>>> print(open('target_17.cif').read())   # mmCIF, C-alpha atoms
data_data
#
loop_
_atom_site.label_atom_id
_atom_site.label_comp_id
_atom_site.auth_asym_id
_atom_site.auth_seq_id
_atom_site.Cartn_x
_atom_site.Cartn_y
_atom_site.Cartn_z
CA MET A 1 158.19 58.21 122.83
CA LEU A 2 159.74 55.91 120.30
CA CYS A 3 156.65 56.03 118.28
CA ASP A 4 156.59 59.80 118.41
CA LYS A 5 160.24 59.99 117.40
CA GLY A 6 159.59 57.72 114.49
CA TYR A 7 156.55 59.59 113.40
CA LYS A 8 158.00 63.06 113.31
CA PRO A 9 160.74 62.65 110.74
CA LYS A 10 158.40 60.64 108.60
CA ARG A 11 155.89 63.44 108.61
CA PHE A 12 158.59 65.99 107.90
CA ASN A 13 159.84 63.89 105.03
CA SER A 14 156.48 63.41 103.51
CA SER A 15 155.59 67.12 103.59
CA ASN A 16 159.01 67.94 102.19
CA LEU A 17 158.47 65.44 99.44
CA HIS A 18 155.07 66.88 98.72
CA HIS A 19 156.53 70.37 98.48
CA LYS A 20 159.29 69.18 96.18
CA ASN A 21 156.75 67.41 94.02
CA SER A 22 154.62 70.47 93.48
CA THR A 23 157.64 72.61 92.56
CA MET A 24 158.74 69.90 90.16
CA GLU A 25 155.23 69.74 88.80
CA ILE A 26 155.26 73.46 88.05
CA ILE A 27 158.61 73.19 86.28
CA GLU A 28 157.42 70.12 84.40
CA PHE A 29 154.30 72.04 83.44
CA ILE A 30 156.35 74.96 82.13
CA LYS A 31 158.64 72.60 80.25
CA GLN A 32 155.80 71.29 78.12
CA PRO A 33 155.14 73.14 74.87
CA TRP A 34 152.70 75.93 75.68
CA ALA A 35 149.27 75.90 74.09
CA TRP A 36 148.26 78.66 71.68
CA TYR A 37 145.66 80.04 74.11
CA ILE A 38 148.39 80.66 76.67
CA ALA A 39 151.08 81.96 74.30
CA GLY A 40 148.84 84.10 72.07
CA PRO A 41 147.42 86.32 74.83
CA LEU A 42 150.94 86.71 76.29
CA VAL A 43 152.22 87.88 72.91
CA GLY A 44 149.23 90.24 72.65
CA LEU A 45 149.99 91.71 76.08
CA THR A 46 153.35 92.91 74.74
CA VAL A 47 151.42 95.66 72.91
CA PRO A 48 149.98 97.38 76.03
CA ALA A 49 153.10 96.54 78.07
CA LEU A 50 155.37 98.54 75.75
CA LEU A 51 152.86 101.38 75.41
CA ILE A 52 152.40 101.72 79.15
CA LEU A 53 156.09 101.35 79.96
CA GLY A 54 157.09 104.23 77.71
CA ASN A 55 154.85 104.92 74.72
CA LYS A 56 156.64 102.37 72.54
CA ASN A 57 154.96 100.72 69.59
CA PHE A 58 155.54 96.99 69.40
CA GLY A 59 157.52 96.29 66.24
CA ILE A 60 160.78 94.45 66.05
CA SER A 61 162.13 94.75 62.52
CA ALA A 62 163.11 98.38 63.16
CA ASN A 63 166.13 97.03 65.06
CA LEU A 64 167.61 96.04 61.69
CA ARG A 65 167.26 99.61 60.50
CA HIS A 66 168.85 100.92 63.67
CA ALA A 67 171.74 98.52 63.14
CA CYS A 68 172.26 100.10 59.70
CA ALA A 69 171.93 103.61 61.11
CA ILE A 70 174.48 102.85 63.82
CA CYS A 71 177.01 100.90 61.74
CA LEU A 72 176.84 102.15 58.18
CA PRO A 73 174.50 105.10 57.56
CA ALA A 74 176.58 105.88 54.41
CA ASN A 75 174.88 109.24 54.02
CA ILE A 76 171.62 107.52 53.02
CA SER A 77 168.74 109.71 54.21
CA PHE A 78 166.78 106.64 55.32
CA PHE A 79 169.46 105.92 57.89
CA LYS A 80 170.07 109.46 59.04
CA TYR A 81 167.90 109.86 62.08
CA GLU A 82 168.44 110.00 65.77
CA TRP A 83 168.88 106.30 66.47
CA LYS A 84 169.76 107.01 70.07
CA LYS A 85 166.05 107.66 70.65
CA GLU A 86 165.23 104.17 69.43
CA ILE A 87 167.89 102.32 71.37
CA TRP A 88 165.23 100.71 73.55
CA ASN A 89 164.52 98.36 70.63
CA MET A 90 168.07 97.02 70.87
CA PHE A 91 167.54 96.31 74.57
CA PHE A 92 164.31 94.54 73.63
CA VAL A 93 165.96 92.19 71.11
CA ILE A 94 168.88 91.47 73.44
CA GLY A 95 166.17 90.49 75.94
CA ILE A 96 164.68 88.12 73.36
CA LEU A 97 168.12 86.57 72.85
CA ILE A 98 168.61 86.07 76.61
CA GLY A 99 165.05 84.72 76.88
CA GLY A 100 165.93 82.21 74.17
CA VAL A 101 169.01 81.10 76.11
CA ILE A 102 167.06 80.72 79.39
CA ALA A 103 164.15 78.84 77.81
CA PHE A 104 166.52 76.56 75.93
CA GLN A 105 168.87 75.85 78.84
CA PHE A 106 166.39 75.48 81.69
CA LEU A 107 162.88 75.07 80.34
CA SER A 108 163.43 72.87 77.30
CA ASN A 109 160.84 70.26 76.45
CA PRO A 110 162.58 66.90 77.07
CA ASN A 111 160.28 65.06 74.68
CA PRO A 112 160.66 64.99 70.90
CA MET A 113 158.66 67.60 69.08
CA ILE A 114 155.30 66.43 67.76
CA ILE A 115 154.70 67.58 64.21
CA ASN A 116 152.04 66.86 61.64
CA GLN A 117 152.45 63.38 60.15
CA ASP A 118 152.16 64.57 56.55
CA LEU A 119 154.87 67.16 57.15
CA ARG A 120 157.06 64.53 58.81
CA THR A 121 156.70 62.25 55.78
CA GLU A 122 157.36 65.10 53.37
CA LEU A 123 160.45 66.26 55.25
CA ALA A 124 161.76 62.71 55.46
CA SER A 125 161.68 62.57 51.66
CA TYR A 126 164.16 65.49 51.68
CA GLY A 127 166.33 63.72 54.22
CA ILE A 128 165.14 65.76 57.21
CA THR A 129 164.46 63.21 59.93
CA ASN A 130 166.01 64.73 63.03
CA ILE A 131 163.00 66.72 64.28
CA ASN A 132 164.59 68.34 67.31
CA GLY A 133 165.18 71.90 68.30
CA MET A 134 163.68 74.85 66.51
CA LEU A 135 165.28 74.41 63.08
CA PRO A 136 166.25 71.29 61.12
CA ALA A 137 169.91 70.66 61.90
CA GLU A 138 170.29 68.98 58.51
CA ILE A 139 169.89 72.39 56.84
CA PHE A 140 170.71 75.18 59.27
CA SER A 141 174.34 74.52 60.11
CA TRP A 142 177.68 76.19 59.45
CA LYS A 143 178.69 73.18 57.38
CA ASN A 144 175.79 73.75 54.97
CA LEU A 145 176.28 77.47 54.64
CA PHE A 146 178.39 77.04 51.53
CA THR A 147 176.09 74.60 49.77
CA LEU A 148 173.51 75.95 47.31
CA LYS A 149 170.62 74.84 49.53
CA GLY A 150 172.17 76.34 52.65
CA PHE A 151 173.01 79.57 50.82
CA LEU A 152 169.46 79.97 49.52
CA MET A 153 167.88 79.23 52.87
CA MET A 154 170.16 81.09 55.27
CA VAL A 155 171.62 83.90 53.17
CA VAL A 156 168.95 84.67 50.57
CA GLY A 157 166.19 83.95 53.11
CA GLY A 158 167.74 86.36 55.60
CA PHE A 159 168.14 89.04 52.93
CA MET A 160 164.47 88.74 51.96
CA ILE A 161 163.36 89.08 55.58
CA GLY A 162 165.35 92.27 56.04
CA PHE A 163 164.59 93.80 52.65
CA GLY A 164 160.92 92.79 52.66
CA SER A 165 160.09 93.83 56.19
CA ARG A 166 161.57 97.28 55.74
CA TYR A 167 159.96 97.72 52.32
CA ALA A 168 156.63 96.75 53.90
CA GLY A 169 157.27 99.10 56.81
CA GLY A 170 157.16 96.37 59.42
CA CYS A 171 157.09 92.66 60.08
CA THR A 172 154.83 90.23 61.88
CA SER A 173 155.06 92.21 65.11
CA GLY A 174 154.71 95.71 63.68
CA HIS A 175 151.94 94.95 61.19
CA ALA A 176 150.25 91.67 62.14
CA ILE A 177 150.19 92.24 65.91
CA SER A 178 150.66 95.92 66.63
CA GLY A 179 149.08 97.34 63.45
CA LEU A 180 146.05 95.07 63.53
CA SER A 181 145.58 95.85 67.23
CA ASN A 182 145.12 99.48 66.22
CA LEU A 183 142.81 98.41 63.35
CA GLN A 184 145.08 99.71 60.60
CA LEU A 185 144.03 98.73 57.06
CA PRO A 186 147.58 98.97 55.63
CA SER A 187 148.66 96.48 58.29
CA LEU A 188 145.90 94.09 57.25
CA ILE A 189 147.06 94.36 53.63
CA ALA A 190 150.67 93.77 54.66
CA THR A 191 149.70 90.79 56.84
CA CYS A 192 147.78 89.22 53.94
CA CYS A 193 150.81 89.70 51.69
CA PHE A 194 153.15 88.13 54.28
CA PHE A 195 150.83 85.19 54.25
CA VAL A 196 150.53 84.91 50.48
CA GLY A 197 154.34 85.06 50.19
CA GLY A 198 154.69 82.33 52.80
CA LEU A 199 152.10 80.13 51.12
CA ILE A 200 153.86 80.42 47.76
CA MET A 201 157.25 79.68 49.27
CA ALA A 202 156.24 76.77 51.49
CA ASN A 203 154.07 74.99 48.94
CA PHE A 204 155.55 75.80 45.55
CA ILE A 205 159.19 76.89 45.87
CA LEU A 206 160.58 75.37 49.06
CA PRO A 207 160.01 71.75 47.89
CA TYR A 208 162.45 72.43 45.03
CA ILE A 209 165.00 74.07 47.31
CA LEU A 210 164.77 71.22 49.83
CA SER A 211 165.29 68.69 47.02
CA LEU A 212 168.60 70.28 45.99
CA MET B 1 165.74 117.66 47.72
CA LYS B 2 164.89 116.72 51.27
CA ASP B 3 165.56 119.01 54.12
CA THR B 4 165.78 117.74 57.61
CA ASN B 5 162.97 119.63 59.23
CA GLN B 6 160.64 118.05 61.77
CA ASN B 7 157.98 117.08 59.25
CA ASN B 8 160.34 115.24 57.00
CA ASP B 9 161.90 113.49 59.91
CA PHE B 10 158.46 112.39 60.99
CA GLU B 11 157.73 111.13 57.49
CA THR B 12 160.85 109.02 57.37
CA ARG B 13 160.25 107.73 60.84
CA SER B 14 156.60 106.94 60.20
CA LEU B 15 157.64 104.38 57.58
CA ASP B 16 158.95 102.47 60.50
CA THR B 17 156.22 100.98 62.56
CA ILE B 18 158.16 101.58 65.66
CA CYS B 19 159.70 104.97 65.32
CA VAL B 20 156.78 107.34 65.54
CA ASN B 21 155.66 106.76 69.04
CA GLU B 22 158.30 108.18 71.19
CA SER B 23 158.38 109.30 74.70
CA HIS B 24 159.05 113.01 75.01
CA LEU B 25 160.79 112.44 78.28
CA GLU B 26 164.54 112.23 78.47
CA HIS B 27 165.66 109.22 80.44
CA LYS B 28 169.01 107.82 81.43
CA TRP B 29 170.11 104.93 79.22
CA TYR B 30 169.60 102.32 81.92
CA TYR B 31 165.85 103.02 81.90
CA ASN B 32 165.90 100.85 78.79
CA PHE B 33 166.52 97.76 80.89
CA LYS B 34 162.79 97.43 81.44
CA TYR B 35 162.44 96.72 77.73
CA LEU B 36 165.11 94.06 78.06
CA ILE B 37 162.94 92.35 80.69
CA VAL B 38 159.86 92.49 78.42
CA GLY B 39 161.98 91.10 75.58
CA LEU B 40 163.30 88.34 77.82
CA LEU B 41 159.79 87.20 78.79
CA PHE B 42 158.75 87.48 75.17
CA GLY B 43 161.71 85.33 74.10
CA ILE B 44 160.70 82.62 76.58
CA VAL B 45 157.16 82.62 75.13
CA PHE B 46 158.65 82.37 71.62
CA ILE B 47 160.55 79.22 72.53
CA LYS B 48 157.98 77.59 74.77
CA ALA B 49 155.11 78.06 72.33
CA GLU B 50 157.40 77.02 69.46
CA ILE B 51 156.40 80.16 67.55
CA ILE B 52 159.95 80.41 66.26
CA SER B 53 160.01 76.79 65.18
CA TRP B 54 160.66 76.23 61.50
CA TYR B 55 158.37 73.19 61.68
CA ARG B 56 155.44 75.16 63.12
CA ILE B 57 155.83 77.76 60.37
CA GLN B 58 155.80 75.00 57.73
CA GLU B 59 152.67 73.50 59.30
CA MET B 60 150.99 76.90 59.24
CA PHE B 61 151.67 77.57 55.56
CA ARG B 62 150.53 74.04 54.67
CA PHE B 63 147.35 74.34 56.79
CA GLN B 64 148.44 71.31 58.81
CA SER B 65 148.04 72.78 62.27
CA PHE B 66 145.89 75.34 64.03
CA HIS B 67 148.62 76.30 66.51
CA MET B 68 150.09 79.39 64.79
CA TYR B 69 146.67 80.67 63.75
CA GLY B 70 145.56 80.34 67.35
CA VAL B 71 148.63 82.19 68.63
CA ILE B 72 148.43 85.06 66.15
CA GLY B 73 144.63 85.28 66.32
CA SER B 74 144.44 85.39 70.10
CA ALA B 75 147.40 87.81 70.26
CA VAL B 76 145.58 90.18 67.91
CA MET B 77 142.36 89.86 69.93
CA VAL B 78 144.17 90.72 73.16
CA GLY B 79 145.99 93.54 71.34
CA ILE B 80 142.75 95.04 69.96
CA LEU B 81 141.12 94.87 73.37
CA SER B 82 144.17 96.46 75.04
CA VAL B 83 144.38 99.33 72.56
CA PHE B 84 140.62 99.87 72.85
CA LEU B 85 140.86 100.06 76.65
CA ILE B 86 143.89 102.37 76.55
CA LYS B 87 141.99 104.77 74.28
CA LYS B 88 138.66 104.45 76.08
CA LEU B 89 140.00 104.83 79.61
CA ASP B 90 142.75 107.24 78.54
CA ILE B 91 145.37 105.12 80.27
CA LYS B 92 148.69 106.91 80.68
CA THR B 93 152.25 105.57 80.66
CA ILE B 94 153.93 104.85 83.98
CA TYR B 95 155.46 108.33 83.70
CA GLY B 96 152.04 109.92 83.26
CA GLU B 97 152.39 110.65 79.53
CA LYS B 98 149.49 110.35 77.15
CA ILE B 99 149.76 107.23 74.97
CA GLU B 100 149.86 108.19 71.31
CA PHE B 101 148.65 106.27 68.30
CA HIS B 102 149.45 107.05 64.69
CA ASP B 103 147.65 105.84 61.62
CA LYS B 104 149.66 104.04 58.99
CA LYS B 105 149.49 105.21 55.41
CA PHE B 106 149.01 102.73 52.61
CA ASN B 107 151.74 102.40 50.00
CA LYS B 108 152.63 99.71 47.47
CA GLY B 109 155.56 98.69 49.63
CA GLN B 110 153.24 96.96 52.04
CA MET B 111 152.24 94.60 49.23
CA ILE B 112 155.55 94.11 47.39
CA GLY B 113 157.66 94.15 50.54
CA GLY B 114 155.07 92.02 52.30
CA LEU B 115 155.32 89.32 49.65
CA ILE B 116 159.12 89.34 49.79
CA PHE B 117 159.05 89.17 53.57
CA GLY B 118 156.58 86.25 53.43
CA LEU B 119 158.89 84.33 51.09
CA GLY B 120 161.79 84.82 53.50
CA TRP B 121 159.67 83.96 56.52
CA ALA B 122 158.69 80.57 55.09
CA ILE B 123 162.28 79.71 54.09
CA THR B 124 163.96 80.55 57.38
CA GLY B 125 161.07 80.15 59.81
CA ALA B 126 162.28 83.43 61.28
CA CYS B 127 161.10 87.01 61.55
CA PRO B 128 163.31 89.85 62.72
CA GLY B 129 162.41 89.07 66.36
CA PRO B 130 162.38 85.27 66.50
CA ILE B 131 165.77 85.16 64.81
CA PHE B 132 167.31 86.44 68.06
CA ALA B 133 165.59 83.68 70.04
CA GLN B 134 166.79 81.11 67.48
CA ILE B 135 170.35 82.31 68.01
CA GLY B 136 169.70 82.06 71.76
CA THR B 137 168.91 78.36 71.42
CA GLY B 138 172.43 77.82 70.18
CA ILE B 139 171.83 77.77 66.41
CA THR B 140 174.70 80.18 65.91
CA VAL B 141 174.62 79.99 62.12
CA MET B 142 171.49 82.16 62.30
CA ILE B 143 173.88 85.04 63.04
CA VAL B 144 174.68 84.84 59.32
CA THR B 145 170.95 85.06 58.50
CA LEU B 146 170.65 88.05 60.84
CA PHE B 147 173.62 89.71 59.14
CA PHE B 148 172.00 89.28 55.73
CA ALA B 149 168.68 90.57 57.09
CA ILE B 150 170.52 93.72 58.19
CA LEU B 151 172.16 93.88 54.76
CA GLY B 152 168.73 93.51 53.13
CA THR B 153 167.47 96.44 55.18
CA TRP B 154 170.51 98.47 54.15
CA VAL B 155 170.01 97.67 50.47
CA TYR B 156 166.37 98.73 50.80
CA GLY B 157 167.51 102.05 52.28
CA TYR B 158 170.02 102.44 49.47
CA LEU B 159 167.48 101.71 46.69
CA ARG B 160 164.49 103.28 48.40
CA ASP B 161 164.09 106.28 46.09
CA SER B 162 164.03 104.10 42.97
CA LEU B 163 161.57 101.52 44.32
CA PRO B 164 157.81 101.85 43.73
CA HIS B 165 155.92 103.01 46.81
#
>>> encode(input="target_17.cif", output="C-alpha cells")
Amino acid sequence: MLCDKGYKPKRFNSSNLHHKNSTMEIIEFIKQPWAWYIAGPLVGLTVPALLILGNKNFGISANLRHACAICLPANISFFKYEWKKEIWNMFFVIGILIGGVIAFQFLSNPNPMIINQDLRTELASYGITNINGMLPAEIFSWKNLFTLKGFLMMVVGGFMIGFGSRYAGGCTSGHAISGLSNLQLPSLIATCCFFVGGLIMANFILPYILSL
Amino acid sequence: MKDTNQNNDFETRSLDTICVNESHLEHKWYYNFKYLIVGLLFGIVFIKAEIISWYRIQEMFRFQSFHMYGVIGSAVMVGILSVFLIKKLDIKTIYGEKIEFHDKKFNKGQMIGGLIFGLGWAITGACPGPIFAQIGTGITVMIVTLFFAILGTWVYGYLRDSLPH
C-alpha cells in the first residue's frame, strides 16, 4: 500500500515531466534559427497560398503604391486606380508586422547570432561589434538618423527601395519569387539587376559609408 | 492624353506585379483577414530564418554564406512547381474561380529600377516586405525608412512620364 502510494505520484510526475520536456523541446527547436531548406520552401508556398486563397499574386512592394494612392494621389495618373480592390495587400503587410512582433517576443533565438568571421572582422573595423537583433544597433537608431551615415543608410536607402522597386515593377517578392515562379524573363532580368546593385553597394560603396 | 478606359487601367495596373490578378468576386472587407494570417506566418519565417537580417544580406552580397541563396533558390523551386501544378491540374481558388496568370512585359525600368532597388536593399537590408517585420522586432526607426520608401514610390509616380521605360 505504502509502496503503491509512493509509486503513483512518482510515475505521474515523471510522465508530466516528460510531456513538459517535449513541449519545451519543440519551442526550443523553433527558437533556433531556421535552416534555408525549411524557410525557403515556406516562402515559396506563399505563392500558391495567395493564388488559391483569392487569385492574388505574391508581391509586396505594391503596398507602397497603395499607400501613395490612399494618402496623396495628387492627381497623378499612376496613383489613380481603385486601391480598395488591392486593400488585401495592406492586411498582408500588417500580418508581417504582427508576425515580426510574435517571432521577436516569443520565439527569439537566445544565442548570439553566428555570422561569417570575415564579415565580423570587417564590421568591427567600422565599430560595429554588437551583433544582435536584425540590424546593427550602432547604425539603425533614432540617435543616428541625423548623422550623415544614418541619413544615407536609413533615408536615402529607404528612398531607393521605394523608387527602385516601383520603377522595376516589383521587388524581391514580385519579381524574384513570384515572377520567376511563373518563368517570366523580365523578372529574371530584374532579379539579376537587384543582385548587381546589391553587389556594387555592399562591396564598393557601403565600406565608404560605414567608414564615415 | 490618357483616358481611363479598361485597357488603360489594365496597363497601369500591370506595371504592378500585384495588381493584375484580381478576384472578380466582391467580398466583405473582413475576408481580407485571411491574408493577414498568411502575412503573419510569413513574418515569422522572415525573422526565424533571418532573411530580414542586415548581416545575412551582407553575407549574401559578399558571397560569405550560402543561406540566402538556399532560401531564395528553394523558394523559387517550390514556386515554380506550385505554379506548374496549378496550371496543369487547373486548380481553382477556394471560391471556385479560375486562377489567372499574366505575362510581364520587358521595359528598361526593370534594369534601371532593379539596380536602384539593389543598392537600397544592400544598404538597409530591407525590402518592402521585410521592413515591416524589422519594425515588428522593435527597430522603430525603420518607420522612417518605410516613410522614405513610400516617398520614393510617390516620386517615381510623379516623374514616371519623363523616365526611360
>>> atom_distance(input="target_17.cif", atom1="CA of Thr191 (chain A)", atom2="CA of Ile44 (chain B)")
24.0 Å
>>> resolve_selection(input="target_17.cif", expression="the PyMOL selection byres ((chain B and resi 138-153) around 8)", output="JSON, numbers by chain")
{"A": [64, 65, 67, 68, 101, 140, 141, 142, 154, 155, 156, 157, 158, 159, 160, 161, 162, 163, 164, 165, 166], "B": [128, 131, 134, 135, 136, 137, 154, 155, 156, 157]}
>>> atom_distance(input="target_17.cif", atom1="CA of Met24 (chain A)", atom2="CA of Gly133 (chain A)")
22.9 Å
>>> atom_distance(input="target_17.cif", atom1="CA of Gly39 (chain B)", atom2="CA of Trp36 (chain A)")
18.9 Å
